[in-house]
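Chemist: Structure incoming, see below.
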Amino acid sequence: MKKFCALLLAFTMVLSMAACGEKKPAPETPDAPSVETPDTPAATDAEGYQDPYADLEDYDEKSEAIYNDNLGEFLEHYQAALEEKTDADMRYALMAVADAKMLESCVMLPMNTRGGNFGIRRVAPRSRSTVMWGPDQDRVHSTIVVEELLKVEDIDALKALWAETAGTGTWQESAKAYLTEHGYTLKDTLTELYATEIKNWDILATSHQTDADILVQTIDSLVEYDSENVLQPALAESWEVSEDMMTYTFKIREGVKWVDAQGREVADLTADDFVAGFQHMLDAGAGLEFLVDNKIVNVHEYITGDITDFSEVGVKALDDYTLEMTLTEPVSYFLTMLPYGCFAPMNRTFYESKGGKFGEEFDASAADYKYGKGPDSIAYCGPFVVTNYTPENIVAYKANESYWNPDAVNIKSYTQMFYDGKDPLKPYTDTKNGVLDGCGLTSAPLEAAKKDGLFEDYATISGTNGTSYMGFFNLNREAYENFNDGAAKSEKDEDAKIRATAALRNVHFRRALSFAIDRANRNAQAVGEEVKLPSLRNSYIPGTFVQLSKDVTIAINGTDTTFPAGTYYGEMVQAVLDADGEPMKVWDPTADGGIGSSDGFDGWYNPEAAKAEMELAIAELAEQGVEISAENPIYIDSPYAAPVEYMKNQANALKQGVEAVLEGNVVINLVGCTSTDEYSYTGFLTSTGSETNYDFSDGFGWGPDYGDPSSYLDTMLPDYAGAMVRSFGLF
């Protein structure tokens, strides 16, 4: 499953306005008020509260009960949608209903996405894939880079040229010709920034975006989306699908070489490498396995241990260059899944030489297990090898001289430089001076660009992508300090902890908080007042993610509703919310030139609705023995990375806004973390819900893996199946 996406990625990748320019900056906002956590008075009424889950001592049983009480309606509708296997349009409509029910529960609040910011760049727009799902948007080998900063009119012309040529196979050469004709000098180097260290060099044993962003440069997949967003053969040169859509047979490309970190050839790539990789992925159990659970024959049984003989799993090498995958049922979007890491190959012999074993013998903690411990402990079959990795300094790549498709590689040298966010002007200065190939412009950098005369001619607003950053409410908080080292400790007393948990389990309280957060003002602290709206997202799944190919009729609240062909997913979600009488707006049909969008406006901030929901929450919680007033408020812990100026400013904006709208009934305790790592361990780097250390957090999000809404909604499944659910303190 594609990885949690750290919010810190959004701020770093800022820093690199690559490809479609989907990176979000880390601004400086001057004269921000200091952050202080007030002393929390002892509550007077917690003893009257009877925890409805107190008798459930087993953590999983308690998680299940809380999940069902808060997300049961979503799950019921989603399970019905999943039953639709063959009619993709009906499936989309049914999923839109489930999605709306999830949004109505307000267990999480949409915040923003990548992109939508001013930036300057040397990277041609759309010179690498812009599909919303999977890792191909992060592959940099096809990136077109020039020595000079690109002018606004040329960026616009290149976008128009892409629209004319996409699907013809001529975009790359047309873009290069345009740039050359207009006085630009092409170059074969690319330099960007990163902010979060890689934790695992094994692409088959990680579900973190921070790892995948590096590793996707080192290994190819069976198929890949090109810069025209067309799915192309890669390590599979061709494939066949059986009539019942249950068996996929791939002809593996011959002549592909595995190399080590020094570029020395170690083996030929064969069909068995995909079998070995798939078994290792299941053995590692890092979260990727849930993407294929119950989709490929006997994967579920292998995961649960009901079978131990991997030869019974539906991934087989029929010969050296023929790979067969057998599904449990038709999956209409199966090919769109294949670029993702769970289908990556792994050379069996190289893995075993690093102490790797399979099946019941797999043990990543063994003393002799060295695979994935660093860039020299993996084999490469992608366009780059890592030549230098120094933590909190640099990741340097060079082109793989044995790469099977050198003509597709525009970049011969790729460098990622570490950035801690402490100096918001550094990315701009480095971009202006040619050290970096792009950056976002926010606050201080924006003013600097205007002063330097670069803004008018070179600054453009980048597009948004499929990554959704969300705010999470903890429904079952058990940790009040970081699980790894005891940092980010809560100052709340026991009564305040009990009261906050009780309140957060109340849907009206969560709605009150959601409607009280001025997301546009919060976003302005990061990106500046001028572009505070473009990167706002109002839904979990982007409204334009999928579109109906034919008319579909479904029942909404008992009324048959027909959506015509061409209807976007977000329009259907909005129809359900409207039918349910909910005030949130997740779709604007007039946005993006009349195409419609779920981005670019604040459809949640509603002070009057927030106050009305708080009155309902106060009444319901009083019946449970929890009194709420300005004299006895609910204290909500919300962590942030104190060294990052824009995060400090955002934290203050959230605190001041919520407390004002809710008239003192809620106090936001801002928990300042001393480093970005400490902040990440409050939520992003946790493994279970019991480790999450916050009441409200907005530090991470999700990017889709394949072209179906289930790529998002599966993250909301219970029983450890959904990667997002642990963000609510569950499972």
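Residue numbering restarts at 1 for every chain of the structure tokens, chains are lettered A, B, ... in their displayed order, and ligands are numbered from 1 as they appear.
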May I have the residues within 8 Å of range 547-563 of chain A as a list in words, using only C-alpha atoms and disregarding those fewer than 3 positions away in the same chain?
Modeler: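 Result of the neighbour search: Asp89, Met90, Tyr92, Ala93, Leu94, Val97, Thr544, Gly566, Thr567, Tyr568, Tyr569, Met572, Val576, Ala579 and Asp580 of chain A.
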Chemist: List every residue of range 61-287 of chain A that DSSP, applied to the backbone, labels as helix (DSSP H, G or I), and write the result as JSON, numbers by chain.
Modeler: {"A": [61, 62, 63, 64, 65, 66, 67, 68, 69, 70, 71, 72, 73, 74, 75, 76, 77, 78, 79, 80, 81, 82, 88, 89, 90, 91, 92, 93, 94, 95, 96, 97, 98, 99, 100, 101, 102, 103, 104, 105, 136, 137, 138, 152, 153, 154, 155, 156, 157, 158, 159, 160, 161, 162, 163, 164, 165, 171, 172, 173, 174, 175, 176, 177, 178, 179, 180, 181, 203, 204, 205, 209, 210, 211, 212, 213, 214, 215, 271, 272, 273, 274, 275, 276, 277, 278, 279, 280, 281, 282, 283, 284]}
Chemist: CA of Ser535 in chain A to CA of Asn465 in chain A: how many Å, to one decimal?
Modeler: 9.4 Å
Chemist: Take CA of Phe455 in chain A and CA of Met647 in chain A and report the distance between them in Å, one decimal.
Modeler: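 If I compute the distance from CA of Phe455 in chain A to CA of Met647 in chain A, I get 24.6 Å.
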Chemist: What's around range 693-709 of chain A at 6 Å? Count only C-alpha atoms, leave out sequence neighbours fewer than 6 positions away in its own chain, and write the answer as an MDAnalysis selection string.
Modeler: chainID A and resid 2 4:7 133:134 336:337 466:474 479:481 636:638 682
Chemist: In Å, how far is it from CA of Ile517 in chain A to CA of Leu446 in chain A?
Modeler: 25.4 Å
Chemist: Identify which of the residues A:Ala512, A:Ile296, A:Cys439, A:Val395 lies closest to Gly374 in chain A, counting only C-alpha atoms when measuring atom-to-atom distances.
Modeler: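 Comparing A:Ala512, A:Ile296, A:Cys439, A:Val395 against Gly374 in chain A, the winner is A:Val395.
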Chemist: Each residue of range 610-686 of chain A with at least one atom at most 10 Å from range 594-606 of chain A should appear once, together with its nearest atom pair and the corresponding distance in Å (one decimal); atoms considered: only C-alpha atoms; ordering: chain, then increasing residue number; output as a Markdown table.
Modeler:
```
| residue | atom | partner | partner_atom | distance |
| --- | --- | --- | --- | --- |
| A:Ala610 | CA | A:Asn606 | CA | 6.1 |
| A:Lys611 | CA | A:Asn606 | CA | 8.8 |
| A:Val661 | CA | A:Asn606 | CA | 9.3 |
```
Chemist: I'd like the contact shell of Ile303 in chain A - 8 Å cut-off, only C-alpha atoms, skipping same-chain residues fewer than 6 positions apart - returned as a PyMOL selection string.
Modeler: chain A and resi 282-283+289
Chemist: Considering only C-alpha atoms, can you say which of A:Val140, A:Ala317, A:Ile155, A:Ala177 comes closest to Arg122 in chain A?
Modeler: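 Between A:Val140, A:Ala317, A:Ile155, A:Ala177, the residue approaching Arg122 in chain A most closely is A:Ile155.
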Chemist: Show which residues sit within 8 Å of Lys316 in chain A, as a ChimeraX atom specification. Count only C-alpha atoms, and ignore same-chain residues fewer than 6 positions away.
Modeler: /A:272,275,323-325
Chemist: When distances are computed from only C-alpha atoms, which of A:Asn652, A:Ser462, A:Thr390, A:Thr686 shows the smallest separation from Asp156 in chain A?
Modeler: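 Among the listed residues, the smallest separation from Asp156 in chain A belongs to A:Ser462.
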